[in-house]
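Report on the structure given below.
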Amino acid sequence: MANVIRSTAAKLQISPTLGINELVLKTRAEGKNVVHLGFGEATFPIQKDVLRIYREASSTTSYMPVAGTEELRKSIADFNADRLNVTISPNQVVVAPGSKPLLFALFDVLEGDVLLPRPSWVSYEPQVLHAGKKLFWVETDALDRHTITEAALTAAYENAISEGADPRIMLINSPSNPTGHVFSADCIQTIKSFCKLKGIALITDEIYSDICFDETQKAISAFDSKSNDSETVILTGGLSKTYSAGGWRVGYAIFPPSPTGETIRNTILAYASECWSAASAPAQLASVKAFSTCQDMVAYRKSVTALHRYCSTRMYQTLKDLGLDIGEPRGAFYLYPSFSPYAAQLNKLGIFTSADLSTWLIRECGLAALPGSAFGEDDTGPMFGRFRLRIATSYLYFQNEADRYQHGYALLEACSSGHEIQLPYLEEAVYVIKEVIEKLKAIPV
Ligand SMILES: Cc1ncc(COP(=O)(O)O)c(C=O)c1O
């Protein structure tokens, strides 16, 4: 029988995040305990007024406008204008059922091949390849695996040109999934200037922008409508991370106020009208409040950030003290250690890749984390990229949803007011990680 699947689509696989979930469930079904650090889903209780508005809006069943309601686009525009100290009009905003479909659409409609920092979030690469584009990795700093230099940009660009490609799109993500790092203003400027010089459209995925451990870093963004190298910078964000509402499916893109920005926005709107029509109506109505800059939402965002910072910092200190290579997290809820200091011991166990390491940790040590290879790391490349794991701390707060709503608000409140808090699942994770390292240290090399 002839192929029924187009060659670009045939390469698609179930996302590694879901794959790891299945392995965790299977291992647990065998009666083994597994600490789940593999899934980057925010799990705090949603802010109470936002929840109330959603409930009240549940009888709204009509389609919303393709671009999103005027009120929501204004709320998103005002929120980001306030954060970045720029002017943004609601007409620059497009709302969608999550930022993922918007990223998919952007890769699909924009011309040219793609530069992506190594490592990058798991879904960009499949989206790029599915769009029939070539992908070229931009190497990042050996320790923080995030910082990008002009030399690294030039190397990736020249590599693309030498392979006959046409690199015209770059995507960056800060705070980053998987590294938990944040770009400095200088680094952003280097990337922007390079993109401007080479005629590259820059997509800046800022879905974790509220979760910056240093408040002042929230405003560091490539999206700056005041500067003249911003005419093809597109910002994406959404409700999933800060507000723990991934399941409501609300994301957005903000386009630059330039003729090119308008052309891209109109094309995305046409695409949306033929593909997803609009984001969910009740979720859009509730999101107006979520993105608002009123005092109670500002307080909610602050307490969410304080709790993520507490948990990430404790985990970072543990991993560092155990001798792993790790950059200090500055945002989001991820850590990205390398087990390469234990490479000799791992090799003795027959572990040669980050995927081997991830499977061994789940099966033999009761610890689930995603392998660096899922984020583009080359397990045969330089040592600093090998044996990387992405650790997500977002599942370390509650046992289940009932627990989340029973204790979550008090926990958020306690952490933001500086009271002592107890996180038993975090302590359990720390204990299991220490056991893993003891196990490795006991292997003679
Ligand atoms: C870096 C990054 N970008 C985008 C998304 C997509 O989020 P959503 O489609 O829920 O807006 C995620 C979700 O995990 C992410 O980690």
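In the structure tokens, the first chain shown is A, the next is B, and so on; residue numbers restart at 1 for each chain, and ligands run from 1 in the order shown.
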Using only C-alpha atoms, which residues sit within 8 Å of Pro175 of chain A once same-chain residues fewer than 2 positions away are excluded, as a PyMOL selection string?
-> chain A and resi 173+177+180-183+206+208-209+211-212+330-332
Pull N, CA and C atoms from the residues just selected and write them as a CSV table (one decimal), in the first residue's frame.
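Contents of the output file again-v9.csv:
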chain,number,residue,atom,x,y,z
A,173,ASN,N,13.5,31.5,24.2
A,173,ASN,CA,12.5,31.2,25.3
A,173,ASN,C,13.2,31.6,26.7
A,177,ASN,N,12.5,26.8,29.6
A,177,ASN,CA,12.2,25.4,29.8
A,177,ASN,C,13.1,24.8,28.7
A,180,GLY,N,15.7,26.8,33.2
A,180,GLY,CA,15.3,27.7,34.3
A,180,GLY,C,16.2,29.0,34.3
A,181,HIS,N,16.9,29.2,33.2
A,181,HIS,CA,17.7,30.4,33.2
A,181,HIS,C,17.0,31.6,32.5
A,182,VAL,N,17.5,32.8,32.6
A,182,VAL,CA,16.9,34.0,32.0
A,182,VAL,C,18.0,34.7,31.3
A,183,PHE,N,17.7,35.3,30.1
A,183,PHE,CA,18.7,36.0,29.3
A,183,PHE,C,19.0,37.4,30.0
A,206,GLU,N,7.6,33.9,25.9
A,206,GLU,CA,7.7,34.4,27.3
A,206,GLU,C,6.6,33.9,28.2
A,208,TYR,N,6.9,32.0,30.6
A,208,TYR,CA,7.3,31.9,32.0
A,208,TYR,C,7.7,33.3,32.5
A,209,SER,N,7.3,34.4,31.8
A,209,SER,CA,7.9,35.7,32.1
A,209,SER,C,7.5,36.2,33.5
A,211,ILE,N,7.4,34.4,36.2
A,211,ILE,CA,8.1,33.6,37.2
A,211,ILE,C,9.6,33.9,37.1
A,212,CYS,N,10.0,35.1,37.4
A,212,CYS,CA,11.4,35.5,37.4
A,212,CYS,C,11.8,35.7,38.9
A,330,ARG,N,17.0,30.8,37.5
A,330,ARG,CA,16.6,32.2,37.8
A,330,ARG,C,15.1,32.5,37.5
A,331,GLY,N,14.4,31.4,37.0
A,331,GLY,CA,13.0,31.5,36.8
A,331,GLY,C,12.4,30.2,36.4
A,332,ALA,N,11.0,30.3,36.0
A,332,ALA,CA,10.3,29.1,35.7
A,332,ALA,C,10.3,28.0,36.8
What residues have any atom no more than 9 Å from ligand 1 when counting only C-alpha atoms and all ligand atoms, and can you list them as a ChimeraX atom specification?
-> /A:39-41,96-103,120-124,173-178,205-208,236-241,245-252
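Of the listed residues A:Arg404, A:Arg28, A:His130, A:Arg73, the one whose atoms come nearest to Ile5 of chain A is A:His130, with distances taken using only C-alpha atoms.
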Segment 343-345 of chain A: which residues within 9 Å, counting only C-alpha atoms, same-chain residues fewer than 6 positions away excluded, as a list in words?
-> Ile351, Phe352, Phe387, Leu440, Lys441, Ala442, Ile443, Pro444 and Val445 of chain A
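Taking segment 77-214 of chain A and asking which residues DSSP calls strand (DSSP E) on the backbone, you get Val93, Val94, Val95, Ala96, Asp113, Val114, Leu115, Leu116, Pro117, Arg118, Leu135, Phe136, Trp137, Val138, Glu139, Pro167, Arg168, Ile169, Met170, Leu171, Ile172, Asn173, Ala201, Leu202, Ile203, Thr204 and Asp205 of chain A.
Of the residues under consideration (A:Ala131, A:Leu143, A:Leu346, A:Ala369), A:Ala131 shows the shortest atom-to-atom contact distance to Ser7 of chain A when counting only C-alpha atoms.
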